[in-house]
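Asker: Here you go, this is protein-v4.cif (mmCIF, C-alpha atoms and all ligand atoms).
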```cif
data_run
#
loop_
_atom_site.label_atom_id
_atom_site.label_comp_id
_atom_site.auth_asym_id
_atom_site.auth_seq_id
_atom_site.Cartn_x
_atom_site.Cartn_y
_atom_site.Cartn_z
CA MET F 25 23.77 -33.83 116.27
CA THR F 26 22.02 -36.59 118.26
CA PHE F 27 22.58 -35.35 121.82
CA LEU F 28 24.71 -33.06 123.95
CA ASN F 29 26.55 -34.38 127.01
CA ALA F 30 27.73 -31.57 129.25
CA TYR F 31 30.76 -31.95 131.56
CA ASP F 32 33.11 -29.61 133.38
CA VAL F 33 36.19 -31.48 132.17
CA ILE F 34 36.69 -33.89 129.27
CA VAL F 35 39.93 -35.86 129.27
CA ILE F 36 40.83 -37.22 125.83
CA GLY F 37 42.91 -40.40 126.24
CA SER F 38 42.80 -43.12 128.89
CA GLY F 39 46.51 -43.96 129.17
CA THR F 40 48.31 -43.70 132.51
CA VAL F 41 48.37 -39.91 132.31
CA GLY F 42 44.73 -39.44 131.25
CA LEU F 43 43.41 -41.85 133.91
CA SER F 44 45.58 -40.15 136.57
CA VAL F 45 44.42 -36.61 135.79
CA ALA F 46 40.75 -37.66 135.82
CA LEU F 47 41.16 -39.54 139.10
CA ALA F 48 43.11 -36.72 140.79
CA LEU F 49 40.50 -34.13 139.73
CA SER F 50 37.64 -36.30 140.95
CA GLN F 51 39.35 -36.72 144.34
CA LYS F 52 40.04 -33.00 144.81
CA THR F 53 37.04 -31.29 143.16
CA ALA F 54 33.34 -31.76 142.52
CA LEU F 55 33.79 -31.33 138.76
CA ARG F 56 31.80 -33.54 136.36
CA ILE F 57 34.39 -35.47 134.38
CA ALA F 58 34.36 -37.72 131.30
CA ILE F 59 37.18 -39.65 129.66
CA LEU F 60 36.94 -40.26 125.90
CA ASP F 61 39.17 -42.81 124.19
CA ILE F 62 39.42 -44.09 120.64
CA LYS F 63 39.96 -47.62 122.04
CA LYS F 64 38.06 -49.55 124.67
CA PRO F 65 40.40 -49.91 127.69
CA VAL F 66 41.53 -53.56 127.89
CA TYR F 67 44.29 -54.68 130.24
CA HIS F 68 46.20 -57.93 130.07
CA TRP F 69 47.87 -57.89 133.47
CA SER F 70 48.06 -61.22 135.26
CA SER F 71 50.27 -62.27 138.16
CA GLU F 72 51.27 -65.41 136.17
CA ASN F 73 53.39 -63.56 133.59
CA TYR F 74 55.26 -60.29 133.31
CA SER F 75 53.97 -57.80 130.72
CA THR F 76 56.61 -56.66 128.27
CA ARG F 77 55.93 -52.92 128.71
CA VAL F 78 57.14 -51.60 132.04
CA SER F 79 58.07 -48.18 133.41
CA ALA F 80 60.69 -47.12 135.91
CA ILE F 81 58.67 -45.08 138.40
CA SER F 82 60.55 -42.39 140.33
CA LEU F 83 60.15 -41.70 144.05
CA ALA F 84 58.26 -38.49 143.20
CA SER F 85 55.81 -40.50 141.07
CA LYS F 86 55.43 -43.04 143.90
CA LYS F 87 54.47 -40.18 146.22
CA PHE F 88 51.94 -38.95 143.67
CA LEU F 89 50.42 -42.45 143.25
CA GLN F 90 50.17 -42.60 147.06
CA THR F 91 48.11 -39.40 147.03
CA LEU F 92 45.77 -41.13 144.54
CA SER F 93 45.46 -43.97 147.12
CA ILE F 94 46.52 -46.64 144.65
CA TRP F 95 50.09 -47.36 145.78
CA LYS F 96 49.05 -49.96 148.36
CA THR F 97 47.08 -51.92 145.75
CA LEU F 98 49.97 -51.72 143.29
CA ALA F 99 52.42 -52.93 145.94
CA GLU F 100 50.13 -55.83 146.90
CA LYS F 101 49.95 -56.90 143.25
CA ARG F 102 53.51 -56.33 142.01
CA VAL F 103 56.03 -53.49 142.13
CA SER F 104 59.74 -54.26 141.80
CA PRO F 105 62.04 -51.90 143.69
CA TYR F 106 65.56 -51.26 142.43
CA ARG F 107 68.01 -50.37 145.14
CA LYS F 108 71.08 -49.76 143.02
CA MET F 109 71.94 -48.75 139.51
CA GLN F 110 75.12 -49.49 137.58
CA VAL F 111 75.79 -47.24 134.59
CA TRP F 112 78.86 -47.76 132.45
CA ASP F 113 80.49 -46.88 129.18
CA GLY F 114 80.50 -49.98 126.96
CA GLU F 115 83.52 -48.57 125.10
CA GLY F 116 85.73 -47.58 128.01
CA ASP F 117 86.29 -48.04 131.71
CA GLY F 118 84.11 -45.20 133.04
CA SER F 119 81.23 -46.16 135.30
CA ILE F 120 78.92 -44.78 138.00
CA ASP F 121 77.19 -46.76 140.74
CA PHE F 122 74.12 -45.29 142.38
CA ASP F 123 72.80 -46.62 145.68
CA CYS F 124 69.55 -45.71 147.45
CA GLU F 125 71.51 -45.47 150.70
CA GLU F 126 73.15 -42.33 149.31
CA ILE F 127 69.79 -40.56 149.58
CA ALA F 128 68.69 -42.43 152.73
CA GLU F 129 65.87 -44.26 150.91
CA THR F 130 65.01 -47.95 150.59
CA ALA F 131 64.83 -47.80 146.77
CA LEU F 132 65.97 -45.57 143.90
CA GLY F 133 62.68 -46.28 142.13
CA TYR F 134 60.26 -49.05 141.15
CA ILE F 135 59.64 -51.05 137.99
CA ILE F 136 55.90 -51.34 137.35
CA GLU F 137 54.16 -53.05 134.44
CA ASP F 138 52.21 -50.50 132.37
CA ASP F 139 49.12 -52.75 132.17
CA LEU F 140 49.10 -53.17 135.95
CA LEU F 141 49.32 -49.43 136.60
CA ARG F 142 46.53 -48.68 134.14
CA SER F 143 44.26 -51.46 135.41
CA VAL F 144 44.63 -50.31 139.03
CA LEU F 145 43.89 -46.69 138.00
CA PHE F 146 40.90 -47.92 135.98
CA ASP F 147 39.50 -49.96 138.92
CA LYS F 148 39.80 -46.91 141.17
CA ILE F 149 37.98 -44.79 138.58
CA GLN F 150 35.10 -47.30 138.58
CA GLN F 151 34.45 -46.22 142.20
CA THR F 152 33.95 -42.56 141.14
CA ASN F 153 31.38 -40.66 139.04
CA ILE F 154 33.81 -40.30 136.13
CA GLN F 155 32.24 -41.46 132.88
CA ILE F 156 34.38 -43.46 130.49
CA ILE F 157 33.16 -43.22 126.92
CA ALA F 158 35.03 -45.63 124.63
CA PRO F 159 35.52 -46.54 121.90
CA ILE F 160 34.77 -43.21 120.30
CA THR F 161 36.40 -41.49 117.33
CA LEU F 162 36.46 -37.71 117.50
CA LYS F 163 36.37 -35.71 114.31
CA ASP F 164 35.94 -32.09 115.49
CA LEU F 165 36.87 -29.99 118.50
CA PHE F 166 35.26 -26.56 118.42
CA ASP F 167 35.77 -23.45 120.54
CA ARG F 168 32.37 -22.13 121.60
CA GLU F 169 31.79 -18.97 123.61
CA ASN F 170 31.94 -20.56 127.07
CA HIS F 171 32.89 -24.14 126.38
CA MET F 172 34.61 -26.61 124.08
CA GLU F 173 32.59 -28.96 121.95
CA CYS F 174 33.84 -32.41 120.87
CA VAL F 175 32.06 -34.11 118.00
CA SER F 176 32.41 -37.80 117.21
CA ASP F 177 32.32 -39.36 113.75
CA ASP F 178 28.88 -40.85 114.50
CA GLY F 179 27.44 -37.41 115.31
CA LYS F 180 27.54 -37.38 119.11
CA ASN F 181 28.36 -34.06 120.81
CA PHE F 182 30.09 -33.53 124.15
CA SER F 183 30.74 -30.19 125.80
CA ALA F 184 33.13 -29.20 128.58
CA LYS F 185 34.54 -26.05 130.16
CA LEU F 186 38.00 -27.60 129.84
CA VAL F 187 39.42 -30.27 127.53
CA ILE F 188 42.59 -32.04 128.67
CA ALA F 189 44.46 -33.73 125.83
CA ALA F 190 46.17 -36.88 127.11
CA ASP F 191 45.97 -38.72 123.80
CA GLY F 192 49.61 -39.73 123.62
CA ALA F 193 52.57 -39.23 121.31
CA ARG F 194 50.48 -39.08 118.13
CA SER F 195 47.93 -36.73 119.69
CA TRP F 196 44.88 -36.11 117.50
CA VAL F 197 44.04 -32.99 119.54
CA ARG F 198 47.52 -31.54 118.95
CA ASP F 199 47.23 -32.11 115.19
CA TYR F 200 43.63 -30.95 114.91
CA ARG F 201 44.39 -27.72 116.78
CA ARG F 202 47.60 -27.28 114.73
CA ILE F 203 49.68 -26.78 117.86
CA LEU F 204 53.29 -26.12 116.88
CA MET F 205 55.80 -28.73 117.98
CA LYS F 206 59.55 -29.22 117.80
CA THR F 207 60.27 -32.79 116.73
CA TRP F 208 63.08 -34.95 115.42
CA SER F 209 63.91 -38.61 115.17
CA TYR F 210 66.52 -40.01 117.55
CA HIS F 211 67.32 -42.50 114.73
CA HIS F 212 66.99 -45.19 117.37
CA ILE F 213 64.54 -48.06 117.70
CA ALA F 214 63.88 -49.40 121.21
CA ILE F 215 63.52 -53.17 121.53
CA VAL F 216 61.66 -54.33 124.64
CA ALA F 217 61.36 -57.87 126.02
CA THR F 218 61.35 -59.85 129.26
CA VAL F 219 64.36 -62.09 129.89
CA LYS F 220 65.47 -64.72 132.37
CA THR F 221 69.11 -64.60 133.36
CA GLU F 222 71.57 -67.10 134.79
CA LEU F 223 72.53 -64.81 137.71
CA PRO F 224 70.15 -62.93 140.05
CA HIS F 225 69.85 -59.18 139.45
CA GLN F 226 69.91 -58.39 143.21
CA GLN F 227 67.49 -55.48 142.61
CA ILE F 228 70.11 -53.66 140.57
CA ALA F 229 69.19 -51.77 137.37
CA TYR F 230 71.92 -51.98 134.72
CA GLN F 231 72.53 -49.49 131.94
CA CYS F 232 75.33 -49.86 129.42
CA PHE F 233 75.99 -47.08 126.88
CA SER F 234 77.57 -47.77 123.51
CA ALA F 235 77.86 -45.74 120.29
CA ALA F 236 74.95 -47.69 118.77
CA GLY F 237 72.69 -46.89 121.76
CA PRO F 238 71.98 -47.69 125.42
CA LEU F 239 70.88 -51.05 126.86
CA ALA F 240 68.89 -51.15 130.13
CA PHE F 241 68.11 -54.18 132.30
CA LEU F 242 65.31 -53.39 134.75
CA PRO F 243 64.96 -55.86 137.63
CA LEU F 244 61.54 -57.47 138.14
CA GLN F 245 60.19 -59.14 141.28
CA ASP F 246 61.52 -62.58 140.32
CA PRO F 247 65.25 -62.54 141.23
CA CYS F 248 66.33 -63.82 137.79
CA THR F 249 63.87 -61.93 135.56
CA SER F 250 64.47 -58.50 134.04
CA SER F 251 62.74 -56.28 131.53
CA ILE F 252 65.05 -54.92 128.84
CA VAL F 253 64.97 -51.72 126.80
CA TRP F 254 67.64 -51.95 124.11
CA SER F 255 67.78 -48.77 122.02
CA GLN F 256 69.88 -49.11 118.92
CA ILE F 257 70.47 -47.19 115.70
CA SER F 258 67.74 -48.31 113.34
CA SER F 259 69.86 -50.56 111.06
CA LYS F 260 71.29 -52.50 114.05
CA ALA F 261 67.89 -52.74 115.75
CA GLU F 262 66.36 -54.23 112.61
CA LYS F 263 69.06 -56.93 112.58
CA LEU F 264 68.45 -57.69 116.26
CA LEU F 265 64.73 -57.99 115.63
CA MET F 266 65.29 -60.45 112.76
CA MET F 267 67.64 -62.71 114.80
CA THR F 268 66.62 -66.12 116.13
CA ASP F 269 66.03 -66.20 119.90
CA GLU F 270 69.33 -68.08 120.37
CA ASP F 271 71.39 -65.45 118.51
CA PHE F 272 69.52 -62.62 120.25
CA LYS F 273 70.25 -64.11 123.69
CA LEU F 274 73.98 -64.33 122.88
CA SER F 275 74.11 -60.76 121.53
CA LEU F 276 72.25 -59.50 124.60
CA ALA F 277 74.55 -61.25 127.09
CA ASN F 278 77.58 -59.82 125.23
CA ALA F 279 76.10 -56.32 125.17
CA LEU F 280 75.61 -56.49 128.97
CA HIS F 281 79.21 -57.68 129.35
CA HIS F 282 77.84 -60.87 130.98
CA ARG F 283 77.04 -59.06 134.25
CA LEU F 284 74.03 -61.36 134.71
CA GLY F 285 75.66 -64.42 133.10
CA LYS F 286 73.86 -66.18 130.26
CA ILE F 287 70.43 -65.15 129.01
CA LEU F 288 68.32 -68.27 129.55
CA SER F 289 65.07 -67.21 127.84
CA VAL F 290 63.56 -64.26 126.04
CA SER F 291 59.91 -63.31 125.48
CA PRO F 292 58.65 -62.07 122.09
CA ARG F 293 60.38 -58.78 121.25
CA PHE F 294 58.53 -55.53 120.51
CA SER F 295 59.96 -52.41 118.92
CA PHE F 296 59.31 -48.66 119.16
CA PRO F 297 60.85 -46.00 116.88
CA LEU F 298 62.04 -43.14 119.11
CA GLN F 299 61.20 -39.53 118.49
CA MET F 300 61.67 -36.28 120.42
CA ARG F 301 58.56 -34.09 120.51
CA HIS F 302 57.91 -30.91 122.48
CA VAL F 303 54.95 -28.60 121.84
CA LYS F 304 55.48 -24.85 121.76
CA ASN F 305 52.36 -24.15 123.81
CA TYR F 306 50.90 -26.51 126.40
CA VAL F 307 47.67 -24.50 126.71
CA GLN F 308 45.05 -22.57 124.79
CA PRO F 309 41.82 -21.13 126.21
CA ARG F 310 39.90 -24.15 127.65
CA LEU F 311 42.53 -26.63 126.45
CA ALA F 312 45.63 -28.16 128.12
CA LEU F 313 48.03 -30.79 126.77
CA ILE F 314 49.69 -33.24 129.16
CA GLY F 315 51.93 -36.33 129.05
CA ASP F 316 53.10 -37.68 125.71
CA ALA F 317 50.66 -35.39 123.90
CA ALA F 318 52.91 -32.51 125.02
CA HIS F 319 56.36 -34.18 125.03
CA THR F 320 58.14 -37.43 124.21
CA LEU F 321 61.78 -38.21 124.92
CA HIS F 322 64.36 -40.99 124.61
CA PRO F 323 63.61 -43.74 127.17
CA LEU F 324 67.29 -43.94 128.23
CA ALA F 325 66.49 -42.35 131.59
CA GLY F 326 62.99 -43.83 131.87
CA GLN F 327 61.27 -40.48 132.42
CA GLY F 328 58.20 -40.33 130.09
CA VAL F 329 55.52 -41.43 132.58
CA ASN F 330 57.26 -39.59 135.40
CA LEU F 331 57.12 -36.29 133.49
CA GLY F 332 53.48 -37.01 132.58
CA LEU F 333 52.53 -37.59 136.23
CA ALA F 334 54.35 -34.39 137.23
CA ASP F 335 52.24 -32.56 134.57
CA VAL F 336 49.10 -34.06 136.14
CA ASP F 337 50.11 -33.01 139.65
CA LYS F 338 50.79 -29.42 138.57
CA LEU F 339 47.70 -29.04 136.37
CA VAL F 340 45.39 -30.40 139.06
CA ASN F 341 46.91 -28.09 141.69
CA VAL F 342 46.47 -25.08 139.41
CA ILE F 343 42.80 -26.00 138.76
CA VAL F 344 42.07 -26.61 142.46
CA GLU F 345 43.68 -23.31 143.42
CA ALA F 346 41.65 -21.43 140.77
CA ILE F 347 38.39 -22.99 142.02
CA ARG F 348 39.31 -22.03 145.59
CA LYS F 349 39.88 -18.42 144.49
CA LYS F 350 36.61 -18.48 142.47
CA GLN F 351 38.52 -17.93 139.20
CA ASP F 352 37.62 -19.51 135.84
CA PHE F 353 39.79 -22.66 135.98
CA SER F 354 39.65 -23.07 132.19
CA SER F 355 40.91 -19.57 131.36
CA VAL F 356 44.22 -19.30 129.61
CA GLN F 357 45.56 -17.08 132.41
CA VAL F 358 45.02 -19.90 134.92
CA LEU F 359 46.26 -22.65 132.57
CA ARG F 360 49.45 -20.68 131.83
CA ARG F 361 50.53 -21.24 135.46
CA TYR F 362 50.65 -24.95 134.64
CA GLU F 363 52.52 -24.31 131.38
CA ARG F 364 55.10 -22.03 133.00
CA PHE F 365 56.13 -24.64 135.58
CA ARG F 366 56.02 -27.74 133.44
CA LYS F 367 57.45 -26.45 130.15
CA ALA F 368 60.71 -25.31 131.75
CA GLU F 369 61.14 -28.53 133.73
CA ASN F 370 60.29 -30.81 130.79
CA PHE F 371 62.59 -28.81 128.50
CA THR F 372 65.51 -29.36 130.88
CA MET F 373 64.91 -33.13 130.94
CA LEU F 374 64.51 -33.30 127.12
CA ALA F 375 67.75 -31.35 126.65
CA MET F 376 69.61 -33.59 129.14
CA MET F 377 68.49 -36.70 127.23
CA ASP F 378 69.82 -35.20 124.00
CA VAL F 379 73.18 -34.37 125.54
CA LEU F 380 73.49 -37.89 127.01
CA LYS F 381 72.43 -39.63 123.80
CA ASN F 382 74.86 -37.58 121.67
CA LEU F 383 77.70 -37.85 124.19
CA PHE F 384 77.64 -41.63 123.94
CA ALA F 385 76.96 -41.72 120.18
CA THR F 386 80.21 -39.93 119.32
CA GLU F 387 83.12 -41.79 117.69
CA MET F 388 85.62 -39.00 118.60
CA ALA F 389 88.43 -40.46 120.69
CA VAL F 390 88.95 -37.24 122.74
CA ILE F 391 85.29 -37.08 123.72
CA LYS F 392 85.30 -40.79 124.58
CA GLN F 393 88.29 -40.28 126.87
CA LEU F 394 86.76 -37.21 128.54
CA ARG F 395 83.43 -39.04 128.94
CA ASN F 396 85.06 -41.98 130.72
CA LYS F 397 87.08 -39.67 132.97
CA GLY F 398 83.88 -37.70 133.68
CA LEU F 399 81.97 -40.84 134.68
CA SER F 400 84.77 -41.96 137.00
CA PHE F 401 85.00 -38.45 138.48
CA VAL F 402 81.24 -38.33 139.19
CA ASN F 403 81.46 -41.80 140.72
CA GLN F 404 83.93 -40.49 143.33
CA CYS F 405 81.83 -37.45 144.16
CA HIS F 406 79.07 -38.24 146.65
CA ILE F 407 77.42 -34.79 146.46
CA LEU F 408 77.24 -34.87 142.65
CA LYS F 409 75.78 -38.39 142.70
CA LYS F 410 73.19 -37.34 145.25
CA PHE F 411 72.31 -34.37 143.05
CA LEU F 412 71.90 -36.65 139.99
CA ILE F 413 69.67 -39.11 141.89
CA ASN F 414 67.52 -36.25 143.20
CA SER F 415 67.25 -34.71 139.69
CA ALA F 416 65.87 -38.01 138.34
CA ASN F 417 63.31 -38.01 141.15
C1 LIG N 501 60.46 -48.40 124.95
C2 LIG N 501 59.92 -47.40 125.92
C3 LIG N 501 60.28 -47.50 127.27
C4 LIG N 501 59.79 -46.57 128.20
N1 LIG N 501 60.18 -46.66 129.51
C5 LIG N 501 59.75 -45.74 130.39
C6 LIG N 501 60.16 -45.78 131.77
O1 LIG N 501 60.92 -46.66 132.19
N2 LIG N 501 59.69 -44.83 132.63
C7 LIG N 501 58.86 -43.84 132.20
O2 LIG N 501 58.50 -42.97 133.01
N3 LIG N 501 58.46 -43.76 130.90
C8 LIG N 501 58.87 -44.68 130.00
N4 LIG N 501 58.46 -44.61 128.69
C9 LIG N 501 57.52 -43.56 128.28
C10 LIG N 501 56.08 -43.90 128.61
O3 LIG N 501 55.74 -45.16 128.11
C11 LIG N 501 55.14 -42.82 128.07
O4 LIG N 501 55.62 -41.56 128.40
C12 LIG N 501 53.73 -42.97 128.67
O5 LIG N 501 53.17 -44.23 128.39
C13 LIG N 501 52.80 -41.90 128.11
O6 LIG N 501 51.52 -42.02 128.70
P1 LIG N 501 50.31 -41.17 128.14
O7 LIG N 501 49.14 -41.53 128.99
O8 LIG N 501 50.70 -39.73 128.00
O9 LIG N 501 50.10 -41.70 126.65
P2 LIG N 501 49.62 -43.14 126.14
O10 LIG N 501 50.00 -44.20 127.08
O11 LIG N 501 50.09 -43.25 124.73
O12 LIG N 501 48.01 -43.03 126.16
C14 LIG N 501 47.31 -42.31 125.17
C15 LIG N 501 45.84 -42.72 125.20
O13 LIG N 501 45.14 -41.89 124.26
C16 LIG N 501 44.31 -42.70 123.46
N5 LIG N 501 44.14 -42.03 122.16
C17 LIG N 501 45.00 -41.94 121.14
N6 LIG N 501 44.47 -41.26 120.12
C18 LIG N 501 43.22 -40.89 120.51
C19 LIG N 501 42.19 -40.15 119.90
N7 LIG N 501 42.29 -39.68 118.65
N8 LIG N 501 41.04 -39.97 120.58
C20 LIG N 501 40.88 -40.46 121.84
N9 LIG N 501 41.85 -41.17 122.47
C21 LIG N 501 43.00 -41.37 121.81
C22 LIG N 501 45.02 -44.03 123.35
O14 LIG N 501 44.13 -45.08 123.00
C23 LIG N 501 45.59 -44.17 124.77
O15 LIG N 501 44.68 -44.77 125.63
C24 LIG N 501 58.93 -45.52 127.76
C25 LIG N 501 58.57 -45.43 126.40
C26 LIG N 501 59.07 -46.35 125.49
C27 LIG N 501 58.68 -46.23 124.03
#
```
Translate this file's structure into structure tokens.
Ligand SMILES: Cc1cc2nc3c(=O)[nH]c(=O)nc-3n(C[C@H](O)[C@H](O)[C@H](O)COP(=O)(O)OP(=O)(O)OC[C@H]3O[C@@H](n4cnc5c(N)ncnc54)[C@H](O)[C@@H]3O)c2cc1C

Answerer:
Amino acid sequence: MTFLNAYDVIVIGSGTVGLSVALALSQKTALRIAILDIKKPVYHWSSENYSTRVSAISLASKKFLQTLSIWKTLAEKRVSPYRKMQVWDGEGDGSIDFDCEEIAETALGYIIEDDLLRSVLFDKIQQTNIQIIAPITLKDLFDRENHMECVSDDGKNFSAKLVIAADGARSWVRDYRRILMKTWSYHHIAIVATVKTELPHQQIAYQCFSAAGPLAFLPLQDPCTSSIVWSQISSKAEKLLMMTDEDFKLSLANALHHRLGKILSVSPRFSFPLQMRHVKNYVQPRLALIGDAAHTLHPLAGQGVNLGLADVDKLVNVIVEAIRKKQDFSSVQVLRRYERFRKAENFTMLAMMDVLKNLFATEMAVIKQLRNKGLSFVNQCHILKKFLINSAN
């Protein structure tokens, strides 16, 4: 041991969720906070290009980012609202159109580049007392009588009353603490890229479902530029990744049924194997898991960051309330309040994604027919559509 750094809260992971929880806690409490990350935070956002990784941010997440006082900065730099959404069955005639006017809003949500969101959060954190310690590789996480102790591979020790694990889908904390998790592969690989199209997107998000997987076009600020997330069964995705740009552009335009005309250009493509993960317990004494460390789901409804930010909001409220009542904010009794709320809500969303993915993966003619009729029925039903929009928010 070379030295001991004592904090009230240590956040492990400086992704969107880790940065958000540290910032929210620093704004609402006087706790001493440190963020530890295995990588040095480096962001590549520039207004000249669009980053390939983007997230569809819900209205609830927008409200949360407003409470962190970063929405204005994001909006000044670049957020791309989508006002409408067209969802259709690529193997039938069923479709649903969503419109922000149905919920009396000016947008259904916003497309934000991941690097931009993280860099704005990071800049805001620079104005606080939060310490960012990175790069650092942790090798042990011990329970001591009144605190947790993190030990790095070069012998540094850090202590905190509470450790928040926000270290992503392959969470080291989750593995080290042997936290049980339900997990399976979706047998899909998501291909992401930025594309220019012949026709303007008119701030409409497009999502086409086919048996091999869903394709989403997310409108960016430029009227003819969209970010795509094309999830396909692994064998098909591998073929798409091997294609020349010309062949890929043709396949993509076909898969979107030419709703945006020809694909004029495509950026380098990146791929992500998709896996469902959900931990059995979100909390232990002096430890809470949030964001992808606690759950990952299919990106077909673009909910990963949104669920992570909802975790942050709940956990921070529970901690603030405990401090106000002079309770031990790191006790398992307090942390369970966070788990109770978030586990049920996240489970519902994870289950819905599974139902949707399997509903569209089926080759059974009867199910296909029912599915198309169902989509058309929902499309006629204003109340049901409003309910669906509100559930995604
Ligand atoms: C193709 C695709 C499209 C998506 N689209 C959307 C969308 O439209 N909308 C949406 O809401 N979500 C979307 N998601 C999900 C979203 O990207 C994730 O849910 C979100 O990025 C998770 O954030 P996080 O901060 O929990 O984890 P991460 O962003 O993974 O951050 C984890 C952090 O922990 C650090 N770390 C890792 N290991 C260690 C360690 N051992 N020690 C210390 N630090 C460590 C990492 O360096 C990183 O900084 C999508 C996902 C995919 C794959």

Asker: Can you tell me which residues sit at most 8 Å away from ligand LIG 501 (chain N), counting only C-alpha atoms and all ligand atoms, written as number ranges by chain?

Answerer: F: 36-43, 60-65, 77-82, 135, 138, 160-162, 190-197, 214-216, 253, 255, 295-298, 314-317, 320-332

Asker: Save out the residues we just selected, C-alpha atoms, as a compact mmCIF listing (two decimals), in the frame of the given file.

Answerer:
```txt
# COMPACT_ATOMS: atom_id res chain seq x y z
CA ILE F 36 40.83 -37.22 125.83
CA GLY F 37 42.91 -40.40 126.24
CA SER F 38 42.80 -43.12 128.89
CA GLY F 39 46.51 -43.96 129.17
CA THR F 40 48.31 -43.70 132.51
CA VAL F 41 48.37 -39.91 132.31
CA GLY F 42 44.73 -39.44 131.25
CA LEU F 43 43.41 -41.85 133.91
CA LEU F 60 36.94 -40.26 125.90
CA ASP F 61 39.17 -42.81 124.19
CA ILE F 62 39.42 -44.09 120.64
CA LYS F 63 39.96 -47.62 122.04
CA LYS F 64 38.06 -49.55 124.67
CA PRO F 65 40.40 -49.91 127.69
CA ARG F 77 55.93 -52.92 128.71
CA VAL F 78 57.14 -51.60 132.04
CA SER F 79 58.07 -48.18 133.41
CA ALA F 80 60.69 -47.12 135.91
CA ILE F 81 58.67 -45.08 138.40
CA SER F 82 60.55 -42.39 140.33
CA ILE F 135 59.64 -51.05 137.99
CA ASP F 138 52.21 -50.50 132.37
CA ILE F 160 34.77 -43.21 120.30
CA THR F 161 36.40 -41.49 117.33
CA LEU F 162 36.46 -37.71 117.50
CA ALA F 190 46.17 -36.88 127.11
CA ASP F 191 45.97 -38.72 123.80
CA GLY F 192 49.61 -39.73 123.62
CA ALA F 193 52.57 -39.23 121.31
CA ARG F 194 50.48 -39.08 118.13
CA SER F 195 47.93 -36.73 119.69
CA TRP F 196 44.88 -36.11 117.50
CA VAL F 197 44.04 -32.99 119.54
CA ALA F 214 63.88 -49.40 121.21
CA ILE F 215 63.52 -53.17 121.53
CA VAL F 216 61.66 -54.33 124.64
CA VAL F 253 64.97 -51.72 126.80
CA SER F 255 67.78 -48.77 122.02
CA SER F 295 59.96 -52.41 118.92
CA PHE F 296 59.31 -48.66 119.16
CA PRO F 297 60.85 -46.00 116.88
CA LEU F 298 62.04 -43.14 119.11
CA ILE F 314 49.69 -33.24 129.16
CA GLY F 315 51.93 -36.33 129.05
CA ASP F 316 53.10 -37.68 125.71
CA ALA F 317 50.66 -35.39 123.90
CA THR F 320 58.14 -37.43 124.21
CA LEU F 321 61.78 -38.21 124.92
CA HIS F 322 64.36 -40.99 124.61
CA PRO F 323 63.61 -43.74 127.17
CA LEU F 324 67.29 -43.94 128.23
CA ALA F 325 66.49 -42.35 131.59
CA GLY F 326 62.99 -43.83 131.87
CA GLN F 327 61.27 -40.48 132.42
CA GLY F 328 58.20 -40.33 130.09
CA VAL F 329 55.52 -41.43 132.58
CA ASN F 330 57.26 -39.59 135.40
CA LEU F 331 57.12 -36.29 133.49
CA GLY F 332 53.48 -37.01 132.58
```

Asker: Compare F:Glu126, F:Asp117, F:Glu100, F:Asp164 by their minimum atom-to-atom distance to F:Leu140, counting all atoms listed in the file, and give me the closest one.

Answerer: F:Glu100

Asker: With only C-alpha atoms as the atoms that count, which of F:Lys349, F:Lys286, F:Lys87, F:Lys381 lies nearest to F:Gln256?

Answerer: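 Of all the options, F:Lys381 lies closest to F:Gln256.
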
Asker: In Å, how far is it from atom CA of F:Arg310 to atom CA of F:Cys174?

Answerer: 12.3 Å

Asker: Which residues are close to F:Asp178, i.e. within 10 Å by all atoms listed in the file, leaving aside same-chain residues fewer than 2 positions away? Reply as a ChimeraX atom specification.

Answerer: /F:25-26,160-163,175-176,180-181

Asker: Find the residue from F:Val303, F:Ala240, F:Ala346, F:Ala368 that sits nearest to F:Met205; use only C-alpha atoms when measuring.

Answerer: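 Once distances to F:Met205 are computed over only C-alpha atoms, the minimum belongs to F:Val303.
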
Asker: Do a neighbour search on stretch 101-109 of chain F at 9 Å with all atoms listed in the file, toss out local chain neighbours closer than 3 positions, and write the hits as a compact mmCIF listing (two decimals) with C-alpha atoms, in the coordinates of the input.

Answerer:
```txt
# COMPACT_ATOMS: atom_id res chain seq x y z
CA SER F 71 50.27 -62.27 138.16
CA LYS F 96 49.05 -49.96 148.36
CA THR F 97 47.08 -51.92 145.75
CA LEU F 98 49.97 -51.72 143.29
CA ILE F 120 78.92 -44.78 138.00
CA ASP F 121 77.19 -46.76 140.74
CA PHE F 122 74.12 -45.29 142.38
CA ASP F 123 72.80 -46.62 145.68
CA CYS F 124 69.55 -45.71 147.45
CA GLU F 125 71.51 -45.47 150.70
CA GLU F 129 65.87 -44.26 150.91
CA THR F 130 65.01 -47.95 150.59
CA ALA F 131 64.83 -47.80 146.77
CA LEU F 132 65.97 -45.57 143.90
CA GLY F 133 62.68 -46.28 142.13
CA TYR F 134 60.26 -49.05 141.15
CA ILE F 135 59.64 -51.05 137.99
CA ILE F 136 55.90 -51.34 137.35
CA GLU F 137 54.16 -53.05 134.44
CA LEU F 140 49.10 -53.17 135.95
CA GLN F 226 69.91 -58.39 143.21
CA GLN F 227 67.49 -55.48 142.61
CA ILE F 228 70.11 -53.66 140.57
CA ALA F 229 69.19 -51.77 137.37
CA TYR F 230 71.92 -51.98 134.72
CA GLN F 231 72.53 -49.49 131.94
CA LEU F 242 65.31 -53.39 134.75
CA PRO F 243 64.96 -55.86 137.63
CA LEU F 244 61.54 -57.47 138.14
CA GLN F 245 60.19 -59.14 141.28
CA ASP F 246 61.52 -62.58 140.32
```
